[in-house]
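Heads up, protein.txt below (compact mmCIF, C-alpha atoms and all ligand atoms):
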# COMPACT_ATOMS: atom_id res chain seq x y z
CA MET A 1 28.93 -20.91 -43.22
CA ILE A 2 26.89 -24.09 -43.49
CA TYR A 3 27.34 -26.22 -46.59
CA ALA A 4 24.30 -28.39 -47.25
CA ASP A 5 24.88 -29.29 -50.87
CA TYR A 6 26.95 -32.48 -50.57
CA ASN A 7 25.03 -34.18 -53.40
CA ALA A 8 26.44 -31.53 -55.77
CA THR A 9 30.00 -32.03 -54.58
CA THR A 10 32.12 -32.53 -51.46
CA PRO A 11 35.33 -30.84 -50.31
CA LEU A 12 38.64 -32.59 -50.98
CA SER A 13 39.65 -34.82 -48.05
CA ASP A 14 43.11 -34.92 -46.50
CA GLY A 15 43.47 -38.52 -47.64
CA ALA A 16 42.79 -37.51 -51.26
CA LYS A 17 45.19 -34.55 -51.02
CA ALA A 18 48.00 -36.69 -49.60
CA TRP A 19 47.81 -39.16 -52.49
CA MET A 20 47.55 -36.37 -55.06
CA ILE A 21 50.71 -34.75 -53.70
CA LYS A 22 52.48 -38.10 -53.77
CA SER A 23 51.39 -38.63 -57.38
CA GLN A 24 52.95 -35.31 -58.38
CA GLU A 25 56.30 -36.66 -57.30
CA LEU A 26 55.72 -39.84 -59.33
CA TRP A 27 54.98 -37.99 -62.53
CA GLY A 28 55.94 -40.62 -65.10
CA ASN A 29 53.61 -41.94 -67.79
CA PRO A 30 52.15 -45.24 -66.52
CA SER A 31 52.56 -46.69 -70.04
CA SER A 32 56.36 -46.12 -70.06
CA SER A 33 58.40 -49.20 -69.32
CA HIS A 34 61.22 -47.39 -67.46
CA ARG A 35 61.34 -46.73 -63.74
CA TYR A 36 59.37 -43.45 -63.88
CA GLY A 37 56.60 -45.21 -65.75
CA ARG A 38 56.61 -48.22 -63.49
CA LYS A 39 56.27 -46.02 -60.38
CA ALA A 40 53.29 -44.19 -61.89
CA LEU A 41 51.71 -47.50 -62.88
CA GLU A 42 52.16 -48.76 -59.32
CA LEU A 43 50.32 -45.68 -58.05
CA LEU A 44 47.53 -46.21 -60.56
CA ASN A 45 47.12 -49.86 -59.65
CA ASN A 46 47.20 -49.02 -55.97
CA ALA A 47 44.28 -46.61 -56.50
CA ARG A 48 42.47 -49.28 -58.52
CA GLU A 49 42.80 -51.65 -55.60
CA GLN A 50 41.62 -49.01 -53.13
CA VAL A 51 38.49 -48.27 -55.19
CA ALA A 52 37.85 -51.98 -55.84
CA SER A 53 38.17 -52.77 -52.13
CA MET A 54 35.47 -50.25 -51.22
CA LEU A 55 33.06 -52.03 -53.54
CA ALA A 56 34.51 -55.51 -52.95
CA VAL A 57 34.97 -56.07 -56.69
CA ASN A 58 37.91 -57.33 -58.73
CA PRO A 59 40.41 -54.47 -59.41
CA ASN A 60 40.53 -55.57 -63.06
CA ASP A 61 36.85 -54.69 -63.39
CA VAL A 62 37.48 -51.00 -62.52
CA VAL A 63 37.89 -48.69 -65.54
CA PHE A 64 38.80 -45.14 -64.54
CA THR A 65 36.93 -42.38 -66.37
CA SER A 66 36.66 -38.60 -66.20
CA GLY A 67 33.72 -38.91 -63.79
CA GLY A 68 30.24 -40.29 -63.34
CA SER A 69 28.94 -38.64 -66.51
CA GLU A 70 31.53 -40.33 -68.69
CA ALA A 71 30.98 -43.67 -66.97
CA ASN A 72 27.24 -43.38 -67.68
CA THR A 73 27.77 -42.42 -71.31
CA MET A 74 30.35 -45.20 -71.74
CA ALA A 75 27.97 -47.81 -70.29
CA LEU A 76 25.13 -46.86 -72.63
CA LEU A 77 27.08 -46.19 -75.82
CA GLY A 78 29.52 -49.06 -75.26
CA THR A 79 26.66 -51.56 -74.96
CA ALA A 80 24.70 -50.02 -77.85
CA LEU A 81 27.80 -50.19 -80.09
CA ASP A 82 28.35 -53.78 -79.10
CA PHE A 83 24.81 -54.82 -80.05
CA GLY A 84 24.59 -52.61 -83.14
CA PRO A 85 21.29 -51.49 -84.76
CA GLY A 86 18.23 -52.96 -83.06
CA PHE A 87 19.67 -52.28 -79.59
CA LYS A 88 16.95 -51.88 -76.97
CA LEU A 89 17.38 -49.86 -73.80
CA LEU A 90 15.00 -49.52 -70.87
CA THR A 91 15.56 -46.68 -68.42
CA SER A 92 13.55 -44.36 -66.16
CA LYS A 93 12.28 -40.81 -66.41
CA VAL A 94 14.35 -39.59 -63.47
CA GLU A 95 17.91 -40.44 -64.49
CA HIS A 96 20.84 -37.99 -64.39
CA SER A 97 21.27 -35.77 -67.45
CA SER A 98 24.34 -37.77 -68.54
CA ILE A 99 21.97 -40.68 -69.18
CA ARG A 100 19.13 -38.57 -70.59
CA ASP A 101 21.35 -36.67 -72.97
CA THR A 102 22.93 -39.88 -74.34
CA LEU A 103 19.52 -41.29 -75.34
CA PRO A 104 19.16 -39.32 -78.62
CA LEU A 105 22.48 -40.84 -79.73
CA ILE A 106 21.17 -44.32 -79.04
CA THR A 107 18.15 -43.69 -81.25
CA LYS A 108 20.34 -42.08 -83.91
CA MET A 109 22.39 -45.31 -83.92
CA GLY A 110 19.23 -47.32 -84.70
CA GLY A 111 18.38 -48.24 -81.12
CA THR A 112 15.04 -48.02 -79.29
CA VAL A 113 14.59 -46.48 -75.85
CA LYS A 114 11.63 -47.06 -73.53
CA PHE A 115 10.97 -45.58 -70.10
CA LEU A 116 9.67 -46.86 -66.79
CA SER A 117 7.50 -44.33 -65.00
CA VAL A 118 7.87 -43.38 -61.35
CA ASP A 119 5.06 -42.90 -58.82
CA PRO A 120 4.48 -39.69 -56.80
CA ASN A 121 7.12 -40.90 -54.32
CA GLY A 122 9.70 -41.20 -57.09
CA GLN A 123 9.70 -45.01 -57.03
CA ILE A 124 9.55 -47.42 -59.97
CA ASN A 125 7.00 -50.22 -60.14
CA LEU A 126 8.53 -53.69 -60.24
CA ASN A 127 5.44 -55.11 -62.01
CA GLU A 128 5.86 -52.56 -64.77
CA LEU A 129 9.54 -53.56 -65.00
CA ARG A 130 8.58 -57.24 -65.17
CA GLU A 131 6.12 -56.54 -68.01
CA MET A 132 8.60 -54.39 -69.90
CA LEU A 133 11.31 -57.03 -69.58
CA ALA A 134 8.94 -59.68 -70.95
CA ASP A 135 7.38 -57.59 -73.76
CA PHE A 136 10.12 -55.15 -74.84
CA LYS A 137 13.04 -57.51 -74.09
CA PRO A 138 15.66 -54.79 -73.58
CA HIS A 139 19.33 -55.67 -74.04
CA LEU A 140 20.21 -53.19 -71.31
CA VAL A 141 18.30 -51.74 -68.37
CA SER A 142 19.80 -48.55 -66.91
CA LEU A 143 18.39 -47.48 -63.55
CA MET A 144 20.10 -45.29 -61.00
CA THR A 145 20.86 -46.57 -57.50
CA ALA A 146 19.79 -43.35 -55.74
CA ASN A 147 18.35 -40.16 -57.10
CA ASN A 148 20.56 -37.09 -56.77
CA GLU A 149 17.61 -34.73 -56.26
CA THR A 150 15.28 -36.64 -53.95
CA GLY A 151 17.59 -39.31 -52.55
CA VAL A 152 15.03 -42.02 -53.42
CA VAL A 153 16.68 -45.43 -53.74
CA PHE A 154 15.62 -47.89 -56.44
CA PRO A 155 15.42 -51.58 -55.42
CA VAL A 156 18.59 -52.55 -57.32
CA PRO A 157 18.87 -56.15 -55.99
CA GLN A 158 15.30 -56.98 -57.08
CA VAL A 159 15.84 -55.18 -60.41
CA LEU A 160 18.99 -57.24 -60.98
CA ASP A 161 17.19 -60.51 -60.24
CA LEU A 162 14.46 -59.64 -62.74
CA CYS A 163 16.99 -58.56 -65.38
CA GLU A 164 18.92 -61.80 -64.99
CA GLU A 165 15.68 -63.82 -65.23
CA HIS A 166 15.03 -62.15 -68.59
CA SER A 167 18.67 -62.17 -69.82
CA SER A 168 18.91 -58.37 -69.82
CA MET A 169 22.02 -56.56 -68.59
CA LEU A 170 21.76 -54.02 -65.78
CA HIS A 171 23.65 -50.74 -65.57
CA THR A 172 23.25 -48.71 -62.42
CA ASP A 173 24.38 -45.13 -61.90
CA ALA A 174 25.61 -45.49 -58.33
CA VAL A 175 27.18 -42.02 -58.13
CA GLN A 176 24.89 -41.02 -55.24
CA GLY A 177 24.88 -44.50 -53.76
CA LEU A 178 28.66 -44.67 -53.27
CA GLY A 179 29.45 -44.13 -49.60
CA LYS A 180 25.78 -43.71 -48.70
CA LEU A 181 24.57 -47.30 -49.18
CA ASP A 182 26.22 -50.63 -48.57
CA PRO A 183 28.00 -51.48 -51.85
CA SER A 184 26.49 -54.99 -51.80
CA PHE A 185 23.23 -53.23 -52.70
CA TYR A 186 24.43 -52.17 -56.16
CA ARG A 187 27.76 -53.78 -57.01
CA GLY A 188 26.14 -56.93 -58.50
CA ALA A 189 24.97 -54.99 -61.58
CA HIS A 190 26.80 -55.74 -64.85
CA LEU A 191 27.88 -52.09 -65.11
CA VAL A 192 28.20 -49.62 -62.21
CA SER A 193 29.06 -45.91 -62.49
CA ILE A 194 30.76 -44.08 -59.62
CA SER A 195 32.40 -40.68 -59.13
CA ALA A 196 35.17 -39.45 -56.81
CA HIS A 197 33.92 -35.97 -55.98
CA LYS A 198 30.83 -37.17 -54.12
CA ILE A 199 33.01 -38.93 -51.53
CA TYR A 200 35.59 -36.20 -50.86
CA GLY A 201 37.77 -37.04 -53.86
CA PRO A 202 38.77 -34.73 -56.72
CA LYS A 203 36.41 -33.63 -59.48
CA GLY A 204 36.93 -34.99 -62.98
CA VAL A 205 37.53 -38.62 -62.04
CA GLY A 206 35.25 -41.60 -61.64
CA ALA A 207 34.97 -45.18 -62.78
CA LEU A 208 32.81 -47.65 -64.62
CA VAL A 209 32.88 -51.04 -62.95
CA ILE A 210 32.46 -53.67 -65.66
CA ARG A 211 31.57 -57.08 -64.31
CA LYS A 212 33.72 -59.85 -65.84
CA GLY A 213 32.20 -61.18 -69.05
CA THR A 214 30.11 -58.05 -69.77
CA LYS A 215 30.41 -57.12 -73.43
CA LEU A 216 31.20 -53.48 -74.10
CA THR A 217 32.75 -51.80 -77.16
CA SER A 218 35.31 -49.15 -76.31
CA THR A 219 34.21 -45.54 -76.85
CA HIS A 220 37.70 -44.04 -76.32
CA TYR A 221 40.69 -44.82 -78.53
CA GLY A 222 44.36 -43.93 -78.65
CA GLY A 223 46.19 -46.52 -76.59
CA SER A 224 45.79 -49.72 -74.65
CA GLN A 225 45.22 -48.02 -71.30
CA GLU A 226 42.67 -49.44 -68.87
CA ILE A 227 43.06 -52.89 -70.47
CA LYS A 228 42.10 -51.38 -73.87
CA ARG A 229 38.75 -50.24 -72.53
CA ARG A 230 39.56 -46.50 -72.42
CA GLY A 231 42.37 -45.14 -74.55
CA GLY A 232 44.25 -42.04 -73.41
CA THR A 233 46.96 -41.34 -70.84
CA GLU A 234 45.37 -41.69 -67.42
CA ASN A 235 44.60 -38.79 -65.07
CA VAL A 236 47.10 -40.14 -62.55
CA ILE A 237 46.73 -37.27 -60.04
CA GLY A 238 42.96 -37.52 -60.04
CA ILE A 239 42.94 -41.30 -59.86
CA ALA A 240 45.44 -41.28 -56.97
CA GLY A 241 43.18 -38.76 -55.20
CA PHE A 242 40.16 -41.01 -55.79
CA GLY A 243 42.03 -43.91 -54.16
CA GLY A 244 43.08 -41.73 -51.23
CA ALA A 245 39.52 -40.46 -50.75
CA VAL A 246 38.19 -44.01 -50.72
CA GLU A 247 40.78 -45.13 -48.19
CA GLU A 248 39.95 -42.25 -45.84
CA PHE A 249 36.23 -42.68 -46.37
CA MET A 250 36.35 -46.35 -45.38
CA ARG A 251 38.22 -45.39 -42.23
CA LEU A 252 36.01 -42.48 -41.10
CA GLU A 253 32.53 -42.55 -42.45
CA ARG A 254 29.42 -43.82 -40.69
CA PRO A 255 26.35 -43.20 -42.92
CA SER A 256 23.92 -44.04 -40.09
CA ASP A 257 24.96 -40.86 -38.23
CA LEU A 258 23.73 -38.79 -41.12
CA LYS A 259 20.36 -40.52 -41.18
CA SER A 260 19.54 -39.56 -37.60
CA ILE A 261 20.72 -35.98 -38.23
CA ARG A 262 18.67 -35.76 -41.45
CA ASP A 263 15.59 -37.20 -39.69
CA HIS A 264 16.03 -34.69 -36.86
CA PHE A 265 16.18 -31.87 -39.44
CA GLU A 266 13.01 -33.07 -41.15
CA SER A 267 11.11 -33.38 -37.89
CA LEU A 268 12.17 -29.84 -36.85
CA MET A 269 10.97 -28.51 -40.20
CA GLY A 270 7.66 -30.40 -39.93
CA ARG A 271 7.06 -29.11 -36.39
CA GLY A 272 8.14 -25.58 -37.24
CA MET A 273 5.77 -24.81 -40.09
CA ASP A 274 2.80 -25.87 -42.20
CA GLY A 275 2.66 -26.10 -45.95
CA ILE A 276 5.73 -28.18 -46.64
CA SER A 277 6.11 -31.61 -48.21
CA ILE A 278 9.11 -33.88 -48.36
CA GLN A 279 9.66 -35.61 -51.68
CA GLY A 280 10.01 -39.40 -51.58
CA VAL A 281 9.54 -39.50 -47.79
CA LYS A 282 7.63 -42.79 -47.97
CA GLU A 283 10.39 -44.57 -49.87
CA PRO A 284 13.85 -45.74 -48.87
CA ARG A 285 16.22 -42.78 -49.32
CA ILE A 286 19.96 -42.28 -49.02
CA PRO A 287 20.60 -41.03 -45.48
CA ASN A 288 21.78 -37.50 -46.28
CA THR A 289 19.12 -36.00 -48.53
CA SER A 290 15.92 -33.99 -47.93
CA ASN A 291 14.06 -32.49 -50.87
CA ILE A 292 11.45 -30.16 -49.42
CA ARG A 293 8.69 -28.22 -51.14
CA PHE A 294 7.76 -24.92 -49.48
CA HIS A 295 4.26 -24.40 -50.82
CA GLY A 296 3.75 -21.01 -52.43
CA ILE A 297 7.42 -19.92 -52.33
CA ALA A 298 9.73 -20.12 -55.36
CA SER A 299 12.90 -22.01 -54.46
CA GLU A 300 15.16 -19.16 -55.68
CA VAL A 301 13.70 -16.89 -53.01
CA ILE A 302 14.69 -19.32 -50.25
CA LEU A 303 18.04 -20.10 -51.89
CA GLY A 304 18.84 -16.38 -52.13
CA ALA A 305 17.87 -15.65 -48.53
CA LEU A 306 19.89 -18.60 -47.21
CA ASP A 307 22.87 -17.65 -49.35
CA LEU A 308 22.97 -14.25 -47.65
CA ASP A 309 22.97 -16.06 -44.30
CA GLY A 310 25.89 -18.27 -45.39
CA ILE A 311 23.78 -21.41 -45.82
CA PHE A 312 24.32 -23.19 -49.12
CA VAL A 313 21.66 -25.48 -50.56
CA SER A 314 20.33 -26.11 -54.03
CA ALA A 315 17.15 -26.26 -56.06
CA GLY A 316 16.91 -29.53 -57.95
CA SER A 317 20.25 -30.83 -59.22
CA ALA A 318 23.34 -28.62 -59.62
CA CYS A 319 23.25 -29.22 -63.34
CA SER A 320 19.72 -27.89 -63.72
CA SER A 321 19.97 -25.01 -61.24
CA GLY A 322 20.82 -21.86 -63.14
CA SER A 323 18.42 -22.96 -65.86
CA ILE A 324 14.82 -21.92 -65.38
CA SER A 325 13.24 -25.18 -66.44
CA PRO A 326 11.78 -27.14 -63.53
CA SER A 327 13.41 -30.44 -62.57
CA HIS A 328 12.53 -33.39 -64.85
CA VAL A 329 12.70 -35.64 -61.78
CA LEU A 330 10.01 -33.73 -59.90
CA LEU A 331 7.83 -33.42 -63.00
CA ALA A 332 8.10 -37.20 -63.57
CA MET A 333 6.87 -37.65 -59.97
CA GLY A 334 3.73 -35.75 -60.95
CA LEU A 335 4.48 -32.34 -59.43
CA SER A 336 3.16 -29.38 -61.42
CA GLU A 337 5.73 -26.99 -62.92
CA GLN A 338 4.98 -24.50 -60.16
CA ALA A 339 5.27 -27.13 -57.40
CA ALA A 340 8.57 -28.35 -58.86
CA ARG A 341 9.87 -24.76 -58.74
CA GLU A 342 9.12 -24.66 -55.00
CA CYS A 343 11.46 -27.49 -54.02
CA VAL A 344 14.79 -27.09 -52.23
CA ARG A 345 17.38 -29.84 -51.78
CA PHE A 346 19.30 -30.06 -48.51
CA SER A 347 22.10 -32.64 -48.67
CA TRP A 348 24.28 -33.27 -45.65
CA GLY A 349 27.81 -34.58 -45.23
CA ARG A 350 30.93 -34.83 -43.16
CA SER A 351 30.82 -31.35 -41.60
CA THR A 352 27.14 -31.64 -40.64
CA ASN A 353 26.18 -32.05 -36.99
CA LEU A 354 23.05 -31.59 -34.89
CA ASN A 355 23.85 -27.89 -34.30
CA SER A 356 24.18 -27.16 -37.99
CA VAL A 357 20.88 -28.79 -38.96
CA GLU A 358 19.16 -27.00 -36.06
CA GLU A 359 20.54 -23.66 -37.25
CA VAL A 360 19.44 -24.36 -40.83
CA ALA A 361 15.97 -25.42 -39.67
CA GLN A 362 15.53 -22.29 -37.50
CA THR A 363 16.74 -20.02 -40.30
CA VAL A 364 14.51 -21.61 -42.93
CA ILE A 365 11.46 -21.52 -40.64
CA ALA A 366 12.03 -17.80 -39.99
CA HIS A 367 12.47 -17.00 -43.70
CA VAL A 368 9.41 -18.98 -44.72
CA ALA A 369 7.26 -17.21 -42.11
CA ARG A 370 8.57 -13.80 -43.24
CA ILE A 371 8.11 -14.52 -46.97
CA ARG A 372 4.61 -15.93 -46.47
CA ALA A 373 3.57 -12.92 -44.34
CA ARG A 374 4.91 -10.55 -47.02
CA ASN A 375 3.09 -12.48 -49.78
CA GLU A 376 -0.17 -12.37 -47.80
CA LEU A 377 0.18 -8.64 -47.28
CA LYS A 378 0.79 -8.15 -51.00
CA SER A 379 -2.26 -10.22 -52.03
CA SER A 380 -4.56 -8.52 -49.49
CA SER A 381 -3.53 -5.06 -50.70
CA HIS A 382 -4.50 -5.95 -54.35
C1 LIG A 401 23.26 -39.48 -60.00
C2 LIG A 401 24.41 -38.83 -60.68
N1 LIG A 401 24.93 -39.40 -61.77
C3 LIG A 401 25.99 -38.86 -62.42
C4 LIG A 401 26.56 -37.70 -61.99
C5 LIG A 401 27.71 -37.12 -62.75
O1 LIG A 401 28.94 -37.34 -62.10
P1 LIG A 401 30.19 -36.40 -62.46
O2 LIG A 401 29.90 -35.06 -61.85
O3 LIG A 401 31.36 -37.10 -61.84
O4 LIG A 401 30.28 -36.36 -63.95
C6 LIG A 401 26.03 -37.04 -60.87
C7 LIG A 401 26.59 -35.74 -60.43
O5 LIG A 401 25.91 -34.90 -59.90
C8 LIG A 401 24.95 -37.64 -60.19
O6 LIG A 401 24.42 -37.06 -59.10

Transcribe the structure of this file into structure tokens.
Ligand SMILES: Cc1ncc(COP(=O)(O)O)c(C=O)c1O
Amino acid sequence: MIYADYNATTPLSDGAKAWMIKSQELWGNPSSSHRYGRKALELLNNAREQVASMLAVNPNDVVFTSGGSEANTMALLGTALDFGPGFKLLTSKVEHSSIRDTLPLITKMGGTVKFLSVDPNGQINLNELREMLADFKPHLVSLMTANNETGVVFPVPQVLDLCEEHSSMLHTDAVQGLGKLDPSFYRGAHLVSISAHKIYGPKGVGALVIRKGTKLTSTHYGGSQEIKRRGGTENVIGIAGFGGAVEEFMRLERPSDLKSIRDHFESLMGRGMDGISIQGVKEPRIPNTSNIRFHGIASEVILGALDLDGIFVSAGSACSSGSISPSHVLLAMGLSEQAARECVRFSWGRSTNLNSVEEVAQTVIAHVARIRARNELKSSSH
């Protein structure tokens, strides 16, 4: 079995498991003032410090959520609620569905949303951003750190400088940046979304990092948890697991190893066949992702063949695979619907080594040759 879908999720690490087991023994409610509660609160605050230390931010700025999707929704709705009607948001066409699907609510609340386009490499244009900031004067700019489908990285430090010049706030969805890019690249934003299950933590837990002084109205009520920023008894097991995953990650992970393995994979694929193109190849990308179009072959055909061989990859993002609509990210980059349906995402992680990428490359090259030969035979017999 070769798992090459680490952008969808990652397996639970031993570090995460150890802290989750520990948290089951300390099962009190962190809001209780007795000893059981105090022990659970200690665990929670320990995890907050672990997560904060990975990003080098103040632990008090970390608000735990149910994942990256909630953090994204909270960032957008919380700011929109704070500004009230007349709120203006600038975002891009390639954001995660948790951003896209929140936008209709923003407009329903009397806000206005405008979009930055991306070029065929999936990159934004800083001049367009500059013009939009000057003309539209958004209260909030929301741009992801790295794209989950193509791996393309947006220039967050330059975006932040421009936003600050124009007194706009910046939210960045750093779910795919966490652990794959130096945190100094994205942690300066006013609001930063992260998720545990992309760095070997449990699913269903993440955080919104809220830089001190950033105004945000709470979107969750019911108690004074998370310094009144998210009501509701905390998911202590999940949060402890997030902290444990972070601790282990900081000890073990070396992102540069993945880059050389990914580059080796891409060069094997390029040498092994014609008629492929790698999305966003000319732009900075996170080191573990290759989104490859196999011209003339629907991605499901390759996914199905690889699945039978025990190789697990995905077409577009996990959230949009299973639905037949082509990826909005690839369409925004100017690919036709058919071209977008021919793209496969390979995303590598901790269990990946040179042997595994070589095996995947050989297997894909053989399948592509077989499928293309069969297609040619079919078209010549018509
Ligand atoms: C870029 C990006 N943002 C947000 C999310 C959502 O995170 P979660 O699964 O924790 O809700 C994902 C998950 O795939 C993602 O890739």

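Using only C-alpha atoms, the protein and nucleic acid residues lying no more than 12 Å from A:Arg370, apart from those fewer than 4 places from it along its own chain, are Met273, Ile297, Val301, Ile302, Ala305, Thr363, Val364, Ile365, Ala366, Arg374, Asn375, Glu376 and Leu377 of chain A.
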
Would you save the residues of that selection, restricted to C-alpha atoms, as a CSV table (one decimal), keeping the file's coordinate frame?
chain,number,residue,atom,x,y,z
A,273,MET,CA,5.8,-24.8,-40.1
A,297,ILE,CA,7.4,-19.9,-52.3
A,301,VAL,CA,13.7,-16.9,-53.0
A,302,ILE,CA,14.7,-19.3,-50.2
A,305,ALA,CA,17.9,-15.6,-48.5
A,363,THR,CA,16.7,-20.0,-40.3
A,364,VAL,CA,14.5,-21.6,-42.9
A,365,ILE,CA,11.5,-21.5,-40.6
A,366,ALA,CA,12.0,-17.8,-40.0
A,374,ARG,CA,4.9,-10.6,-47.0
A,375,ASN,CA,3.1,-12.5,-49.8
A,376,GLU,CA,-0.2,-12.4,-47.8
A,377,LEU,CA,0.2,-8.6,-47.3

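From atom CA of A:Leu268 back to atom CA of A:Ile311, the distance works out to 16.9 Å.
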
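Look at A:Arg211: the protein and nucleic acid residues within 8 Å of it, using only C-alpha atoms and passing over chain neighbours fewer than 4 places away, are Asp61, Gly188, Ala189, His190 and Leu191 of chain A.
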
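Distance annotation: of A:Gln24, A:Ser336, A:Ser325, A:Thr150, the residue with the minimal separation from ligand LIG 401 (chain A) is A:Thr150; atom set is all atoms listed in the file.
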
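Our summary of the geometry notes that atom CA of A:Ile21 is positioned 11.0 Å from atom CA of A:Val236.
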
Counting only C-alpha atoms, what is within 8 Å of stretch 213-228 of chain A, bar same-chain residues fewer than 3 positions away, as JSON, numbers by chain? {"A": [31, 63, 64, 74, 75, 77, 78, 79, 81, 82, 190, 191, 210, 231, 232, 233, 234]}

Please identify all polymer residues lying at most 7 Å from the point (15.1, -37.3, -52.5) (file coordinates), using only C-alpha atoms, and present the result as a list in words. Asn147, Asn148, Glu149, Thr150, Gly151, Val152, Gln279, Gly280, Arg285, Thr289, Ser290 and Asn291 of chain A

So that I have them on file, write out the residues from the current selection with C-alpha atoms, as a JSON list (two decimals), in the coordinates of the input.
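Once written, again33.json looks like this:
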[["chain", "number", "residue", "atom", "x", "y", "z"],
["A", 147, "ASN", "CA", 18.35, -40.16, -57.10],
["A", 148, "ASN", "CA", 20.56, -37.09, -56.77],
["A", 149, "GLU", "CA", 17.61, -34.73, -56.26],
["A", 150, "THR", "CA", 15.28, -36.64, -53.95],
["A", 151, "GLY", "CA", 17.59, -39.31, -52.55],
["A", 152, "VAL", "CA", 15.03, -42.02, -53.42],
["A", 279, "GLN", "CA", 9.66, -35.61, -51.68],
["A", 280, "GLY", "CA", 10.01, -39.40, -51.58],
["A", 285, "ARG", "CA", 16.22, -42.78, -49.32],
["A", 289, "THR", "CA", 19.12, -36.00, -48.53],
["A", 290, "SER", "CA", 15.92, -33.99, -47.93],
["A", 291, "ASN", "CA", 14.06, -32.49, -50.87]]

Contacts of A:Phe185 at 9 Å (only C-alpha atoms; same-chain gap of 2+ positions) as number ranges by chain: A: 145, 155-157, 177, 181-183, 187-188

Distance table requested - chain A against ligand LIG 401 (chain A), cut-off 8 Å, only C-alpha atoms and all ligand atoms: one row per qualifying residue with the closest atom pair and its distance in Å to one decimal, ordered by chain and rising residue number, as a Markdown table.
| residue | atom | partner | partner_atom | distance |
| --- | --- | --- | --- | --- |
| A:Asn7 | CA | A:LIG401 | O6 | 6.4 |
| A:Ala8 | CA | A:LIG401 | O5 | 5.4 |
| A:Thr9 | CA | A:LIG401 | O5 | 7.3 |
| A:Ser66 | CA | A:LIG401 | O3 | 7.0 |
| A:Gly67 | CA | A:LIG401 | O3 | 3.6 |
| A:Gly68 | CA | A:LIG401 | O1 | 3.5 |
| A:Ser69 | CA | A:LIG401 | O4 | 3.7 |
| A:Glu70 | CA | A:LIG401 | O4 | 6.3 |
| A:Ala71 | CA | A:LIG401 | O4 | 7.9 |
| A:Asn72 | CA | A:LIG401 | C3 | 7.0 |
| A:Glu95 | CA | A:LIG401 | C1 | 7.1 |
| A:His96 | CA | A:LIG401 | N1 | 5.1 |
| A:Ser97 | CA | A:LIG401 | C3 | 7.6 |
| A:Ser98 | CA | A:LIG401 | C3 | 6.4 |
| A:Met144 | CA | A:LIG401 | C1 | 6.7 |
| A:Thr145 | CA | A:LIG401 | C1 | 7.9 |
| A:Ala146 | CA | A:LIG401 | C1 | 6.7 |
| A:Asn147 | CA | A:LIG401 | C1 | 5.7 |
| A:Asn148 | CA | A:LIG401 | O6 | 4.5 |
| A:Glu149 | CA | A:LIG401 | O6 | 7.7 |
| A:Asp173 | CA | A:LIG401 | N1 | 5.8 |
| A:Ala174 | CA | A:LIG401 | C1 | 6.7 |
| A:Val175 | CA | A:LIG401 | C2 | 4.9 |
| A:Gln176 | CA | A:LIG401 | C1 | 5.3 |
| A:Ser193 | CA | A:LIG401 | C3 | 7.7 |
| A:Ile194 | CA | A:LIG401 | O3 | 7.3 |
| A:Ser195 | CA | A:LIG401 | O3 | 4.6 |
| A:Ala196 | CA | A:LIG401 | O3 | 6.7 |
| A:His197 | CA | A:LIG401 | O3 | 6.5 |
| A:Lys198 | CA | A:LIG401 | C7 | 7.7 |
| A:Lys203 | CA | A:LIG401 | O3 | 6.6 |
| A:Gly204 | CA | A:LIG401 | O3 | 6.1 |
| A:Val205 | CA | A:LIG401 | O3 | 6.4 |
| A:Gly206 | CA | A:LIG401 | O3 | 6.0 |
| A:Ser317 | CA | A:LIG401 | O5 | 7.0 |
| A:Ala318 | CA | A:LIG401 | O5 | 6.8 |
| A:Cys319 | CA | A:LIG401 | O5 | 7.2 |

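The coordinates place atom CA of A:Val153 at 28.3 Å from atom CA of A:Gln362.
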
Which residue of A:Leu76, A:Leu331, A:Leu303, A:Val344 approaches A:Ile278 most closely, using all atoms listed in the file: A:Val344

7 Å contact set for A:Val51, all atoms listed in the file, chain neighbours under 3 positions out, as a list in words: Ala47, Arg48, Met54, Leu55, Gly243 and Val246 of chain A

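The closest residue to A:Leu133, picked from A:Glu300, A:Asp5, A:Glu165, A:Glu25 and counting all atoms listed in the file, is A:Glu165.
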
Let me have the centre and edge lengths of the axis-aligned box enclosing all listed atoms of stretch 277-295 of chain A with 6 Å padding on every side, in Å to one decimal, as AutoDock Vina command-line options.
--center_x 13.0 --center_y -35.1 --center_z -48.6 --size_x 29.5 --size_y 33.3 --size_z 18.2

Could you check which residues have any atom within 9 Å of (52.8, -38.0, -56.8), counting only C-alpha atoms with coordinates taken straight from the file, and then list them as a PyMOL selection string? chain A and resi 18-27+40+43+236-237+240

Export, as a compact mmCIF listing (two decimals), in the frame of the given file, the selected residues with C-alpha atoms.
# COMPACT_ATOMS: atom_id res chain seq x y z
CA ALA A 18 48.00 -36.69 -49.60
CA TRP A 19 47.81 -39.16 -52.49
CA MET A 20 47.55 -36.37 -55.06
CA ILE A 21 50.71 -34.75 -53.70
CA LYS A 22 52.48 -38.10 -53.77
CA SER A 23 51.39 -38.63 -57.38
CA GLN A 24 52.95 -35.31 -58.38
CA GLU A 25 56.30 -36.66 -57.30
CA LEU A 26 55.72 -39.84 -59.33
CA TRP A 27 54.98 -37.99 -62.53
CA ALA A 40 53.29 -44.19 -61.89
CA LEU A 43 50.32 -45.68 -58.05
CA VAL A 236 47.10 -40.14 -62.55
CA ILE A 237 46.73 -37.27 -60.04
CA ALA A 240 45.44 -41.28 -56.97

Residue with the minimum atom-to-atom distance to A:Arg293, picked from A:Gly275, A:Pro104, A:Pro120, A:Gly310 with only C-alpha atoms counted, is A:Gly275
